[in-house]
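For reference, the structure is listed below as structure tokens.
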Amino acid sequence: MNKTSGFTLIELLVVIAIMSVSLGIVGPLMSNQADKTRAIAEFNEAETYIRHSSKVAFLRGQSIRIVLDGKQLTRFIGDAEQQMLYQHLFFPVQQVQINANGFYSQQEIVVQIGKRQEHIMLNPTDL
């Protein structure tokens, strides 16, 4: 008998078919998880930006207005305007005023992350 070592073409095709099915099932799940991670990162970035604005208002001794509308956050300091756009966050129309002492005009900001609603709690002790 003549024995050769290695895999037959059929065996290789079966392995490739199994791998294709596995990737077809796992691939979309990994994509969804990546989007969730990006959304959480954007939420944390927006929260940090808003809290930092309170510190900026206090240090400059100047009031700041933050307007949240859709996927956009706009910060007004005097005549200067700075916009931030988000891909995974949605803000109902809201406006937050931060006085020159760094205190907020409201207690929370509502943020929509996909189908989930979150809140950024604004405390005067954030300074």
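Simple scheme: letters A, B, ... for chains in structure tokens order, numbers from 1 for residues in each chain, numbers from 1 for ligands in the order shown.
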Counting only C-alpha atoms, what is within 12 Å of stretch 29-40 of chain A, bar same-chain residues fewer than 3 positions away, as number ranges by chain?
A: 22-26, 43-47, 86-90, 111-116, 118
Applying 12 Å and only C-alpha atoms, which residues near A:Thr48 remain after dropping the ones on its own chain fewer than 6 positions away? List them as JSON, numbers by chain.
{"A": [41, 42, 54, 55, 120, 121, 122, 126]}
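Put simply, atom CA of A:Gly70 is 6.8 Å away from atom CA of A:Val93.
Residue nearest A:Val56 within the list A:Pro92, A:Gly6, A:Gly27, A:Gly102: A:Gly102 [criterion: smallest interatomic distance, only C-alpha atoms].
In this model, the gap between atom CA of A:Ser53 and atom CA of A:Gln117 comes to 22.7 Å.
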Which of chain A counts as strand (DSSP E or B) under DSSP, as an mmCIF file with C-alpha atoms, in the first residue's frame please?
```
data_model
loop_
_atom_site.group_PDB
_atom_site.id
_atom_site.type_symbol
_atom_site.label_atom_id
_atom_site.label_comp_id
_atom_site.auth_asym_id
_atom_site.auth_seq_id
_atom_site.Cartn_x
_atom_site.Cartn_y
_atom_site.Cartn_z
ATOM 1 C CA ILE A 64 -21.292 79.282 29.548
ATOM 2 C CA ARG A 65 -24.323 78.082 27.617
ATOM 3 C CA ILE A 66 -24.516 74.514 26.314
ATOM 4 C CA VAL A 67 -27.147 73.660 23.697
ATOM 5 C CA LEU A 68 -27.929 70.001 23.007
ATOM 6 C CA ASP A 69 -29.919 69.237 19.869
ATOM 7 C CA GLY A 70 -30.006 65.908 18.085
ATOM 8 C CA GLN A 72 -24.905 67.974 18.246
ATOM 9 C CA LEU A 73 -23.576 69.617 21.407
ATOM 10 C CA THR A 74 -22.707 73.312 21.116
ATOM 11 C CA ARG A 75 -20.880 75.294 23.797
ATOM 12 C CA PHE A 76 -21.030 79.090 23.825
ATOM 13 C CA ILE A 77 -18.481 81.067 25.837
ATOM 14 C CA ALA A 80 -16.997 81.895 20.859
ATOM 15 C CA GLU A 81 -18.868 78.797 19.738
ATOM 16 C CA GLN A 82 -17.591 75.219 19.803
ATOM 17 C CA GLN A 83 -19.536 72.298 18.313
ATOM 18 C CA MET A 84 -19.205 68.588 18.869
ATOM 19 C CA LEU A 85 -20.994 66.007 16.729
ATOM 20 C CA LEU A 89 -25.699 59.685 20.913
ATOM 21 C CA PHE A 90 -28.934 61.608 20.492
ATOM 22 C CA PHE A 91 -29.876 64.585 22.657
ATOM 23 C CA PRO A 92 -33.469 65.820 22.986
ATOM 24 C CA VAL A 93 -33.459 69.620 22.614
ATOM 25 C CA GLN A 94 -32.052 70.959 25.893
ATOM 26 C CA GLN A 95 -30.121 73.956 27.080
ATOM 27 C CA VAL A 96 -27.877 74.183 30.128
ATOM 28 C CA GLN A 97 -26.592 77.437 31.542
ATOM 29 C CA ILE A 98 -23.449 77.401 33.679
ATOM 30 C CA TYR A 104 -25.560 74.424 36.438
ATOM 31 C CA GLU A 108 -29.527 66.501 34.688
ATOM 32 C CA ILE A 109 -29.152 66.093 30.940
ATOM 33 C CA VAL A 110 -31.070 63.405 29.062
ATOM 34 C CA VAL A 111 -29.134 61.389 26.471
ATOM 35 C CA GLN A 112 -30.456 58.691 24.137
ATOM 36 C CA ILE A 113 -27.959 55.893 23.390
ATOM 37 C CA ARG A 116 -31.666 53.261 25.923
ATOM 38 C CA GLN A 117 -32.130 56.555 27.745
ATOM 39 C CA GLU A 118 -29.345 57.714 30.067
ATOM 40 C CA HIS A 119 -28.899 60.772 32.272
ATOM 41 C CA ILE A 120 -25.872 62.914 32.969
ATOM 42 C CA MET A 121 -26.315 64.075 36.531
#
```
Would you mind reading off the distance between atom CA of A:Ser63 and atom CA of A:Ala100, one decimal, in Å?
4.5 Å
As a PyMOL selection string, list the residues of stretch 14-113 of chain A assigned to alpha helix (DSSP H) by DSSP on the backbone atoms of this structure.
chain A and resi 14-60
May I have the selected residues written with C-alpha atoms, as an mmCIF file, in the first residue's frame?
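The resulting part-v1.cif:
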```cif
data_model
loop_
_atom_site.group_PDB
_atom_site.id
_atom_site.type_symbol
_atom_site.label_atom_id
_atom_site.label_comp_id
_atom_site.auth_asym_id
_atom_site.auth_seq_id
_atom_site.Cartn_x
_atom_site.Cartn_y
_atom_site.Cartn_z
ATOM 1 C CA VAL A 14 -15.403 20.884 4.974
ATOM 2 C CA VAL A 15 -13.131 22.866 7.326
ATOM 3 C CA ILE A 16 -13.503 26.031 5.206
ATOM 4 C CA ALA A 17 -17.311 25.606 5.177
ATOM 5 C CA ILE A 18 -17.418 25.232 8.972
ATOM 6 C CA MET A 19 -15.232 28.314 9.437
ATOM 7 C CA SER A 20 -17.433 30.341 7.057
ATOM 8 C CA VAL A 21 -20.593 29.438 8.959
ATOM 9 C CA SER A 22 -18.925 30.248 12.284
ATOM 10 C CA LEU A 23 -17.721 33.651 11.071
ATOM 11 C CA GLY A 24 -21.155 34.363 9.618
ATOM 12 C CA ILE A 25 -22.690 33.871 13.057
ATOM 13 C CA VAL A 26 -20.017 35.561 15.195
ATOM 14 C CA GLY A 27 -19.157 38.466 12.848
ATOM 15 C CA PRO A 28 -22.378 40.510 13.311
ATOM 16 C CA LEU A 29 -22.257 39.984 17.087
ATOM 17 C CA MET A 30 -18.750 41.437 17.217
ATOM 18 C CA SER A 31 -19.855 44.390 15.076
ATOM 19 C CA ASN A 32 -22.743 45.153 17.452
ATOM 20 C CA GLN A 33 -20.416 44.993 20.441
ATOM 21 C CA ALA A 34 -18.002 47.412 18.764
ATOM 22 C CA ASP A 35 -20.867 49.894 18.191
ATOM 23 C CA LYS A 36 -21.924 49.609 21.841
ATOM 24 C CA THR A 37 -18.365 50.285 22.943
ATOM 25 C CA ARG A 38 -18.148 53.370 20.719
ATOM 26 C CA ALA A 39 -21.478 54.643 22.085
ATOM 27 C CA ILE A 40 -20.252 54.268 25.678
ATOM 28 C CA ALA A 41 -17.029 56.075 24.790
ATOM 29 C CA GLU A 42 -19.015 58.946 23.227
ATOM 30 C CA PHE A 43 -21.253 59.171 26.292
ATOM 31 C CA ASN A 44 -18.219 59.368 28.589
ATOM 32 C CA GLU A 45 -16.647 62.000 26.328
ATOM 33 C CA ALA A 46 -19.811 64.151 26.372
ATOM 34 C CA GLU A 47 -20.120 63.823 30.152
ATOM 35 C CA THR A 48 -16.479 64.813 30.672
ATOM 36 C CA TYR A 49 -16.829 67.750 28.265
ATOM 37 C CA ILE A 50 -19.895 69.096 30.079
ATOM 38 C CA ARG A 51 -18.280 68.705 33.512
ATOM 39 C CA HIS A 52 -15.108 70.369 32.251
ATOM 40 C CA SER A 53 -17.214 73.292 30.987
ATOM 41 C CA SER A 54 -18.238 73.971 34.588
ATOM 42 C CA LYS A 55 -14.577 74.270 35.550
ATOM 43 C CA VAL A 56 -13.886 76.538 32.572
ATOM 44 C CA ALA A 57 -16.770 78.823 33.595
ATOM 45 C CA PHE A 58 -15.423 79.041 37.134
ATOM 46 C CA LEU A 59 -11.801 79.667 36.119
ATOM 47 C CA ARG A 60 -12.718 82.307 33.522
#
```
